[in-house]
Amino acid sequence: MTALSSRMATLTLNPALDLTVHADGWRQGQVNSGQSFQLDAGGKGVNVAAFLADWGLRVTATGLLGDSNPAAFEALFRAKGVHDAFVRVPGATRVGVKLVDGEAQETTDINLPGLAATPQALAELGSRLAALGGDHGTFVLAGSLPPGVEADFYARLTGTLRAAGCFVALDTSGAALTAALAAQTLPDLVKPNIHELEAALGRSLTHEAEVLEAARDLLRRGASLVAVSQGERGALLVSAQGAVRAVPPRVRITSTVGAGDAMVAGLVSAHADGLDLAGAARRATAFSLGAITRLGAHLPSRTDLDAFAAQVVIETLRQVEKT
Ligand SMILES: Nc1ncnc2c1ncn2[C@@H]1O[C@H](COP(=O)(O)OP(=O)(O)O)[C@@H](O)[C@H]1O
Ligand SMILES: O=P(O)(O)OC[C@H]1O[C@](O)(COP(=O)(O)O)[C@@H](O)[C@@H]1O
């Protein structure tokens with residue numbers, strides 16, 4: 001097989017067991033009563049793999065997984081038919097706390113650092129990635145880097161994978177995103193949210209024109225699609241075809257956890273299907289709407305996704321050339 005294979009791989013160096021607590025009207029610094037809780041296997045690449053598998057694609061999930069609490073991940077992979085290529089490492093995968101206030105329609109996330117990666121674990125992961133590179137044409141590199149991993153990990157891996165002819169999508173934050181965006185070889189697809197992009201570039205992007213200019217700069221430097229998500233304001237997508245804003249309809253939110261991961265999965269599936277920019281924006285937003293209207297990384301039926309897609313408003317943005 002060649003790197004043009006349709007198989008996709010997602011990489012999660014820092015998975016998380018997401019503990020969602022529903023506590024309507026909860027107040028910071030007070031004793032609160034909650035209504036319910038749920039524990040889901042998560043982390044960015046895990047979620048992307050789950051969404052892609054729900055869409056019907058063949059997916060391998062790799063990364064580093066604690067060997068003392070892998071059951072929820074293994075059950076998720078079995079249920080979705082995701083090939084489990086995670087390296088097991090000693091210890092427990094972190095828990096991520098997600099506090100949902102259904103009244104205020106607000107989700108508060110507390111993400112922890114995660115298990116430190118040892119040189120041995122990283123070496124084993126390197127071998128596994130090299131093997132996957134032989135028969136996977138698309139790689140999604142997603143999530144924060146755990147302690148023990150250099151900030152330029154994604155930047156270097158992107159260079160290696162793209163040199164091998166793979167399509168690379170990146171969704172990360174902090175120093176890892178800064179390094180990846182400053183690298184010689186950029187990922188094909190980048191999906192930061194607006195706050196992550198501002199932090200990575202070290203400047204605020206208040207006006208749409210500033211976001212567009214930042215995205216176009218990444219295109220000039222080698223990316224083929226930049227999607228900047230902005231929560232309920234939707235997302236701005238920029239490619240060689242132009243720029244669009246995808247505005248979601250108002251929906252009843254169950255939890256916004258996984259909204260961005262679903263968008264990444266939608267964009268990757270749109271790329272695989274050769275959709276144009278507007279089609280990709282519609283598909284990706286429909287995936288996000290599917291994610292925020294349910295708990296865990298599960299897509300609704302194709303009928304429901306089509307209904308969401310039909311409600312997304314695609315605004316074409318004018319190219320404002322600098323004089
Ligand atoms: N409150 C919301 N209402 C409607 N759509 C939303 C809402 N929050 C997120 N989305 C959808 O999910 C996409 C990704 O959400 P965002 O919060 O920007 O990503 P991330 O999870 O990476 O921070 C948005 O572009 C939008 O389409
Ligand atoms: O790797 P990070 O940046 O710490 O994020 C981990 C968290 O992100 C999630 O993947 C959700 O991400 P999004 O809400 O951005 O889609 C959770 O499952 C997980 O707890």
# chains A, B, ... in the order shown; residues from 1 in each chain; ligands from 1
>>> residues_near_ligand(ligand="ligand 1", cutoff="9 Å", atoms="only C-alpha atoms and all ligand atoms", output="ChimeraX atom specification")
/A:105-106,171-172,191-196,227-236,246-253,255-264,281,284-289,291-292,312
>>> closest_atom_pairs(of="chain A", to="ligand 2", cutoff="8 Å", atoms="only C-alpha atoms and all ligand atoms", output="JSON lines")
{"residue": "A:Thr12", "atom": "CA", "partner": "ligand 2", "partner_atom_place_in_ligand_line": "1 (O)", "distance": 7.8}
{"residue": "A:Asn14", "atom": "CA", "partner": "ligand 2", "partner_atom_place_in_ligand_line": "1 (O)", "distance": 5.7}
{"residue": "A:Pro15", "atom": "CA", "partner": "ligand 2", "partner_atom_place_in_ligand_line": "1 (O)", "distance": 6.7}
{"residue": "A:Ala16", "atom": "CA", "partner": "ligand 2", "partner_atom_place_in_ligand_line": "20 (O)", "distance": 5.1}
{"residue": "A:Leu17", "atom": "CA", "partner": "ligand 2", "partner_atom_place_in_ligand_line": "20 (O)", "distance": 6.7}
{"residue": "A:Asp18", "atom": "CA", "partner": "ligand 2", "partner_atom_place_in_ligand_line": "20 (O)", "distance": 5.2}
{"residue": "A:Ala41", "atom": "CA", "partner": "ligand 2", "partner_atom_place_in_ligand_line": "18 (O)", "distance": 7.3}
{"residue": "A:Gly42", "atom": "CA", "partner": "ligand 2", "partner_atom_place_in_ligand_line": "18 (O)", "distance": 3.9}
{"residue": "A:Gly43", "atom": "CA", "partner": "ligand 2", "partner_atom_place_in_ligand_line": "10 (O)", "distance": 3.6}
{"residue": "A:Lys44", "atom": "CA", "partner": "ligand 2", "partner_atom_place_in_ligand_line": "10 (O)", "distance": 3.4}
{"residue": "A:Gly45", "atom": "CA", "partner": "ligand 2", "partner_atom_place_in_ligand_line": "10 (O)", "distance": 7.0}
{"residue": "A:Val46", "atom": "CA", "partner": "ligand 2", "partner_atom_place_in_ligand_line": "10 (O)", "distance": 7.3}
{"residue": "A:Asn47", "atom": "CA", "partner": "ligand 2", "partner_atom_place_in_ligand_line": "10 (O)", "distance": 6.1}
{"residue": "A:Val95", "atom": "CA", "partner": "ligand 2", "partner_atom_place_in_ligand_line": "20 (O)", "distance": 7.4}
{"residue": "A:Gly96", "atom": "CA", "partner": "ligand 2", "partner_atom_place_in_ligand_line": "20 (O)", "distance": 4.7}
{"residue": "A:Val97", "atom": "CA", "partner": "ligand 2", "partner_atom_place_in_ligand_line": "20 (O)", "distance": 7.3}
{"residue": "A:Lys98", "atom": "CA", "partner": "ligand 2", "partner_atom_place_in_ligand_line": "20 (O)", "distance": 7.8}
{"residue": "A:Asp109", "atom": "CA", "partner": "ligand 2", "partner_atom_place_in_ligand_line": "20 (O)", "distance": 7.6}
{"residue": "A:Ile110", "atom": "CA", "partner": "ligand 2", "partner_atom_place_in_ligand_line": "20 (O)", "distance": 7.9}
{"residue": "A:Asn111", "atom": "CA", "partner": "ligand 2", "partner_atom_place_in_ligand_line": "4 (O)", "distance": 5.2}
{"residue": "A:Leu112", "atom": "CA", "partner": "ligand 2", "partner_atom_place_in_ligand_line": "4 (O)", "distance": 6.7}
{"residue": "A:Pro113", "atom": "CA", "partner": "ligand 2", "partner_atom_place_in_ligand_line": "4 (O)", "distance": 7.1}
{"residue": "A:Ala142", "atom": "CA", "partner": "ligand 2", "partner_atom_place_in_ligand_line": "1 (O)", "distance": 7.1}
{"residue": "A:Gly143", "atom": "CA", "partner": "ligand 2", "partner_atom_place_in_ligand_line": "1 (O)", "distance": 3.5}
{"residue": "A:Ser144", "atom": "CA", "partner": "ligand 2", "partner_atom_place_in_ligand_line": "1 (O)", "distance": 3.8}
{"residue": "A:Leu145", "atom": "CA", "partner": "ligand 2", "partner_atom_place_in_ligand_line": "1 (O)", "distance": 6.9}
{"residue": "A:Thr172", "atom": "CA", "partner": "ligand 2", "partner_atom_place_in_ligand_line": "3 (O)", "distance": 6.3}
{"residue": "A:Ser173", "atom": "CA", "partner": "ligand 2", "partner_atom_place_in_ligand_line": "3 (O)", "distance": 6.5}
{"residue": "A:Thr256", "atom": "CA", "partner": "ligand 2", "partner_atom_place_in_ligand_line": "14 (O)", "distance": 6.1}
{"residue": "A:Val257", "atom": "CA", "partner": "ligand 2", "partner_atom_place_in_ligand_line": "14 (O)", "distance": 3.7}
{"residue": "A:Gly258", "atom": "CA", "partner": "ligand 2", "partner_atom_place_in_ligand_line": "16 (O)", "distance": 3.1}
{"residue": "A:Ala259", "atom": "CA", "partner": "ligand 2", "partner_atom_place_in_ligand_line": "16 (O)", "distance": 4.4}
{"residue": "A:Gly260", "atom": "CA", "partner": "ligand 2", "partner_atom_place_in_ligand_line": "16 (O)", "distance": 3.6}
{"residue": "A:Asp261", "atom": "CA", "partner": "ligand 2", "partner_atom_place_in_ligand_line": "16 (O)", "distance": 3.9}
{"residue": "A:Ala262", "atom": "CA", "partner": "ligand 2", "partner_atom_place_in_ligand_line": "16 (O)", "distance": 6.5}
{"residue": "A:Met263", "atom": "CA", "partner": "ligand 2", "partner_atom_place_in_ligand_line": "16 (O)", "distance": 7.8}
>>> write_last_selection(atoms="N, CA and C atoms", output="mmCIF file, in the first residue's frame")
data_model
loop_
_atom_site.group_PDB
_atom_site.id
_atom_site.type_symbol
_atom_site.label_atom_id
_atom_site.label_comp_id
_atom_site.auth_asym_id
_atom_site.auth_seq_id
_atom_site.Cartn_x
_atom_site.Cartn_y
_atom_site.Cartn_z
ATOM 1 N N THR A 12 -3.342 10.655 19.560
ATOM 2 C CA THR A 12 -3.684 11.346 20.818
ATOM 3 C C THR A 12 -2.617 11.007 21.844
ATOM 4 N N ASN A 14 -2.317 12.620 24.571
ATOM 5 C CA ASN A 14 -2.837 12.953 25.897
ATOM 6 C C ASN A 14 -4.344 12.720 25.965
ATOM 7 N N PRO A 15 -4.749 11.433 25.920
ATOM 8 C CA PRO A 15 -6.196 11.164 25.984
ATOM 9 C C PRO A 15 -6.752 11.547 27.356
ATOM 10 N N ALA A 16 -8.055 11.514 27.483
ATOM 11 C CA ALA A 16 -8.672 11.883 28.764
ATOM 12 C C ALA A 16 -9.973 11.113 28.938
ATOM 13 N N LEU A 17 -10.242 10.746 30.182
ATOM 14 C CA LEU A 17 -11.568 10.224 30.512
ATOM 15 C C LEU A 17 -12.375 11.449 30.897
ATOM 16 N N ASP A 18 -13.366 11.772 30.096
ATOM 17 C CA ASP A 18 -14.132 12.986 30.376
ATOM 18 C C ASP A 18 -15.254 12.700 31.372
ATOM 19 N N ALA A 41 -14.753 7.977 27.342
ATOM 20 C CA ALA A 41 -13.386 7.977 26.815
ATOM 21 C C ALA A 41 -13.281 9.146 25.850
ATOM 22 N N GLY A 42 -12.258 9.982 26.034
ATOM 23 C CA GLY A 42 -12.146 11.165 25.178
ATOM 24 C C GLY A 42 -10.700 11.547 24.939
ATOM 25 N N GLY A 43 -10.529 12.828 24.678
ATOM 26 C CA GLY A 43 -9.236 13.325 24.195
ATOM 27 C C GLY A 43 -9.431 13.570 22.709
ATOM 28 N N LYS A 44 -8.723 14.566 22.200
ATOM 29 C CA LYS A 44 -9.075 15.059 20.864
ATOM 30 C C LYS A 44 -9.014 14.009 19.750
ATOM 31 N N GLY A 45 -7.898 13.284 19.647
ATOM 32 C CA GLY A 45 -7.814 12.305 18.559
ATOM 33 C C GLY A 45 -8.740 11.118 18.757
ATOM 34 N N VAL A 46 -9.002 10.772 20.014
ATOM 35 C CA VAL A 46 -9.950 9.683 20.296
ATOM 36 C C VAL A 46 -11.324 10.089 19.780
ATOM 37 N N ASN A 47 -11.719 11.312 20.084
ATOM 38 C CA ASN A 47 -13.029 11.794 19.635
ATOM 39 C C ASN A 47 -13.096 11.872 18.110
ATOM 40 N N VAL A 95 -8.188 12.324 34.009
ATOM 41 C CA VAL A 95 -9.629 12.601 33.940
ATOM 42 C C VAL A 95 -9.785 14.071 33.592
ATOM 43 N N GLY A 96 -10.722 14.391 32.708
ATOM 44 C CA GLY A 96 -11.036 15.789 32.385
ATOM 45 C C GLY A 96 -12.409 16.099 32.955
ATOM 46 N N VAL A 97 -12.514 17.203 33.670
ATOM 47 C CA VAL A 97 -13.797 17.529 34.304
ATOM 48 C C VAL A 97 -14.558 18.516 33.427
ATOM 49 N N LYS A 98 -15.808 18.196 33.132
ATOM 50 C CA LYS A 98 -16.656 19.031 32.272
ATOM 51 C C LYS A 98 -17.927 19.336 33.052
ATOM 52 N N ASP A 109 -14.729 23.586 31.246
ATOM 53 C CA ASP A 109 -13.788 22.467 31.131
ATOM 54 C C ASP A 109 -12.618 22.652 32.085
ATOM 55 N N ILE A 110 -12.227 21.581 32.750
ATOM 56 C CA ILE A 110 -10.963 21.596 33.495
ATOM 57 C C ILE A 110 -10.119 20.441 32.960
ATOM 58 N N ASN A 111 -9.087 20.783 32.200
ATOM 59 C CA ASN A 111 -8.209 19.765 31.604
ATOM 60 C C ASN A 111 -6.927 19.672 32.424
ATOM 61 N N LEU A 112 -6.511 18.453 32.741
ATOM 62 C CA LEU A 112 -5.317 18.230 33.564
ATOM 63 C C LEU A 112 -4.120 17.899 32.676
ATOM 64 N N PRO A 113 -2.896 17.940 33.251
ATOM 65 C CA PRO A 113 -1.703 17.763 32.411
ATOM 66 C C PRO A 113 -1.558 16.375 31.780
ATOM 67 N N ALA A 142 -3.824 15.439 17.234
ATOM 68 C CA ALA A 142 -4.812 16.227 17.974
ATOM 69 C C ALA A 142 -4.598 16.222 19.477
ATOM 70 N N GLY A 143 -4.764 17.411 20.051
ATOM 71 C CA GLY A 143 -4.766 17.557 21.491
ATOM 72 C C GLY A 143 -3.458 18.087 22.046
ATOM 73 N N SER A 144 -3.475 18.292 23.360
ATOM 74 C CA SER A 144 -2.300 18.847 24.035
ATOM 75 C C SER A 144 -1.204 17.785 24.106
ATOM 76 N N LEU A 145 0.004 18.249 24.372
ATOM 77 C CA LEU A 145 1.127 17.330 24.577
ATOM 78 C C LEU A 145 1.290 17.099 26.075
ATOM 79 N N THR A 172 -4.351 21.539 17.836
ATOM 80 C CA THR A 172 -3.700 21.580 19.139
ATOM 81 C C THR A 172 -3.675 23.016 19.637
ATOM 82 N N SER A 173 -2.939 23.245 20.704
ATOM 83 C CA SER A 173 -2.957 24.574 21.326
ATOM 84 C C SER A 173 -1.590 24.869 21.936
ATOM 85 N N THR A 256 -20.863 21.197 25.109
ATOM 86 C CA THR A 256 -20.063 21.631 23.947
ATOM 87 C C THR A 256 -18.749 20.849 23.832
ATOM 88 N N VAL A 257 -18.509 19.902 24.757
ATOM 89 C CA VAL A 257 -17.277 19.114 24.683
ATOM 90 C C VAL A 257 -17.288 18.292 23.386
ATOM 91 N N GLY A 258 -16.224 18.403 22.627
ATOM 92 C CA GLY A 258 -16.132 17.630 21.384
ATOM 93 C C GLY A 258 -16.588 18.404 20.163
ATOM 94 N N ALA A 259 -17.036 19.652 20.345
ATOM 95 C CA ALA A 259 -17.502 20.454 19.197
ATOM 96 C C ALA A 259 -16.376 20.623 18.173
ATOM 97 N N GLY A 260 -15.202 20.974 18.669
ATOM 98 C CA GLY A 260 -14.062 21.192 17.778
ATOM 99 C C GLY A 260 -13.580 19.887 17.147
ATOM 100 N N ASP A 261 -13.595 18.805 17.934
ATOM 101 C CA ASP A 261 -13.148 17.503 17.409
ATOM 102 C C ASP A 261 -14.076 17.056 16.282
ATOM 103 N N ALA A 262 -15.367 17.272 16.470
ATOM 104 C CA ALA A 262 -16.335 16.903 15.432
ATOM 105 C C ALA A 262 -16.093 17.732 14.171
ATOM 106 N N MET A 263 -15.748 19.004 14.376
ATOM 107 C CA MET A 263 -15.463 19.858 13.215
ATOM 108 C C MET A 263 -14.240 19.321 12.445
#
>>> atom_distance(atom1="atom CA of Leu125 of chain A", atom2="atom CA of Gly148 of chain A")
13.5 Å
>>> select_by_dssp(residues="segment 165-251 of chain A", states="helix (DSSP H, G or I)", output="PyMOL selection string")
chain A and resi 174-182+194-201+208-220+231-233
>>> atom_distance(atom1="atom CA of Asp67 of chain A", atom2="atom CA of Gly137 of chain A")
28.5 Å
>>> closest_residue(among="A:Phe86, A:Val268, A:Ala182, A:Ala72", to="Val168 of chain A", atoms="only C-alpha atoms")
A:Val268
>>> select_by_dssp(residues="segment 5-254 of chain A", states="strand (DSSP E)", output="PyMOL selection string")
chain A and resi 8-12+16-22+36-42+59-66+83-89+95-101+106-110+138-142+167-171+189-190+225-229+235-239+242-247
>>> closest_residue(among="A:Gly222, A:Gly66, A:Gly296, A:Gly56", to="Val190 of chain A", atoms="only C-alpha atoms")
A:Gly222
>>> residues_around(residues="Glu150 of chain A", least_positions_apart="5", cutoff="12 Å", atoms="only C-alpha atoms", output="list of chain:residue names")
A:Leu13, A:Ala116, A:Ala117, A:Thr118, A:Pro119, A:Leu122, A:Ser144, A:Leu145, A:Ala155, A:Arg156, A:Leu157, A:Ala175, A:Ala176, A:Leu177, A:Ala179, A:Ala180
>>> write_last_selection(atoms="N, CA and C atoms", output="PDB file, in the first residue's frame")
ATOM      1  N   LEU A  13      -1.716  11.951  22.068  1.00  0.00           N
ATOM      2  CA  LEU A  13      -0.664  11.720  23.057  1.00  0.00           C
ATOM      3  C   LEU A  13      -1.198  11.888  24.477  1.00  0.00           C
ATOM      4  N   ALA A 116       3.032  11.714  32.344  1.00  0.00           N
ATOM      5  CA  ALA A 116       4.278  12.105  31.661  1.00  0.00           C
ATOM      6  C   ALA A 116       4.710  11.003  30.698  1.00  0.00           C
ATOM      7  N   ALA A 117       5.141  11.416  29.513  1.00  0.00           N
ATOM      8  CA  ALA A 117       5.592  10.440  28.512  1.00  0.00           C
ATOM      9  C   ALA A 117       7.065  10.137  28.743  1.00  0.00           C
ATOM     10  N   THR A 118       7.397   8.857  28.801  1.00  0.00           N
ATOM     11  CA  THR A 118       8.807   8.475  28.998  1.00  0.00           C
ATOM     12  C   THR A 118       9.483   8.336  27.631  1.00  0.00           C
ATOM     13  N   PRO A 119      10.821   8.414  27.590  1.00  0.00           N
ATOM     14  CA  PRO A 119      11.525   8.204  26.322  1.00  0.00           C
ATOM     15  C   PRO A 119      11.201   6.848  25.702  1.00  0.00           C
ATOM     16  N   LEU A 122       7.808   7.017  24.027  1.00  0.00           N
ATOM     17  CA  LEU A 122       7.867   7.817  22.794  1.00  0.00           C
ATOM     18  C   LEU A 122       8.576   7.052  21.682  1.00  0.00           C
ATOM     19  N   SER A 144      -3.475  18.292  23.360  1.00  0.00           N
ATOM     20  CA  SER A 144      -2.300  18.847  24.035  1.00  0.00           C
ATOM     21  C   SER A 144      -1.204  17.785  24.106  1.00  0.00           C
ATOM     22  N   LEU A 145       0.004  18.249  24.372  1.00  0.00           N
ATOM     23  CA  LEU A 145       1.127  17.330  24.577  1.00  0.00           C
ATOM     24  C   LEU A 145       1.290  17.099  26.075  1.00  0.00           C
ATOM     25  N   ALA A 155       5.316  19.590  15.051  1.00  0.00           N
ATOM     26  CA  ALA A 155       5.987  20.279  13.939  1.00  0.00           C
ATOM     27  C   ALA A 155       6.887  19.290  13.198  1.00  0.00           C
ATOM     28  N   ARG A 156       7.653  18.498  13.955  1.00  0.00           N
ATOM     29  CA  ARG A 156       8.580  17.546  13.318  1.00  0.00           C
ATOM     30  C   ARG A 156       7.815  16.405  12.661  1.00  0.00           C
ATOM     31  N   LEU A 157       6.795  15.906  13.354  1.00  0.00           N
ATOM     32  CA  LEU A 157       6.027  14.786  12.800  1.00  0.00           C
ATOM     33  C   LEU A 157       5.304  15.199  11.514  1.00  0.00           C
ATOM     34  N   ALA A 175       2.106  25.975  23.145  1.00  0.00           N
ATOM     35  CA  ALA A 175       3.432  25.977  22.508  1.00  0.00           C
ATOM     36  C   ALA A 175       3.505  24.996  21.344  1.00  0.00           C
ATOM     37  N   ALA A 176       2.717  23.908  21.415  1.00  0.00           N
ATOM     38  CA  ALA A 176       2.729  22.915  20.326  1.00  0.00           C
ATOM     39  C   ALA A 176       2.176  23.539  19.044  1.00  0.00           C
ATOM     40  N   LEU A 177       1.135  24.363  19.184  1.00  0.00           N
ATOM     41  CA  LEU A 177       0.561  25.016  18.002  1.00  0.00           C
ATOM     42  C   LEU A 177       1.505  26.105  17.491  1.00  0.00           C
ATOM     43  N   ALA A 179       4.713  26.183  17.687  1.00  0.00           N
ATOM     44  CA  ALA A 179       5.834  25.546  16.976  1.00  0.00           C
ATOM     45  C   ALA A 179       5.381  25.019  15.622  1.00  0.00           C
ATOM     46  N   ALA A 180       4.201  24.425  15.572  1.00  0.00           N
ATOM     47  CA  ALA A 180       3.728  23.833  14.305  1.00  0.00           C
ATOM     48  C   ALA A 180       3.466  24.917  13.267  1.00  0.00           C
TER      49      ALA A 180
END
>>> atom_distance(atom1="atom CA of Asp40 of chain A", atom2="atom CA of His22 of chain A")
13.8 Å
>>> closest_residue(among="A:Asp152, A:Thr206, A:Ala297, A:Ser224", to="Pro187 of chain A", atoms="only C-alpha atoms")
A:Ser224
>>> residues_around(residues="Asp135 of chain A", least_positions_apart="3", cutoff="12 Å", atoms="only C-alpha atoms", output="JSON, numbers by chain")
{"A": [1, 2, 3, 4, 5, 6, 7, 8, 9, 58, 59, 60, 128, 129, 130, 131, 132, 138, 139, 161, 164, 165, 166]}
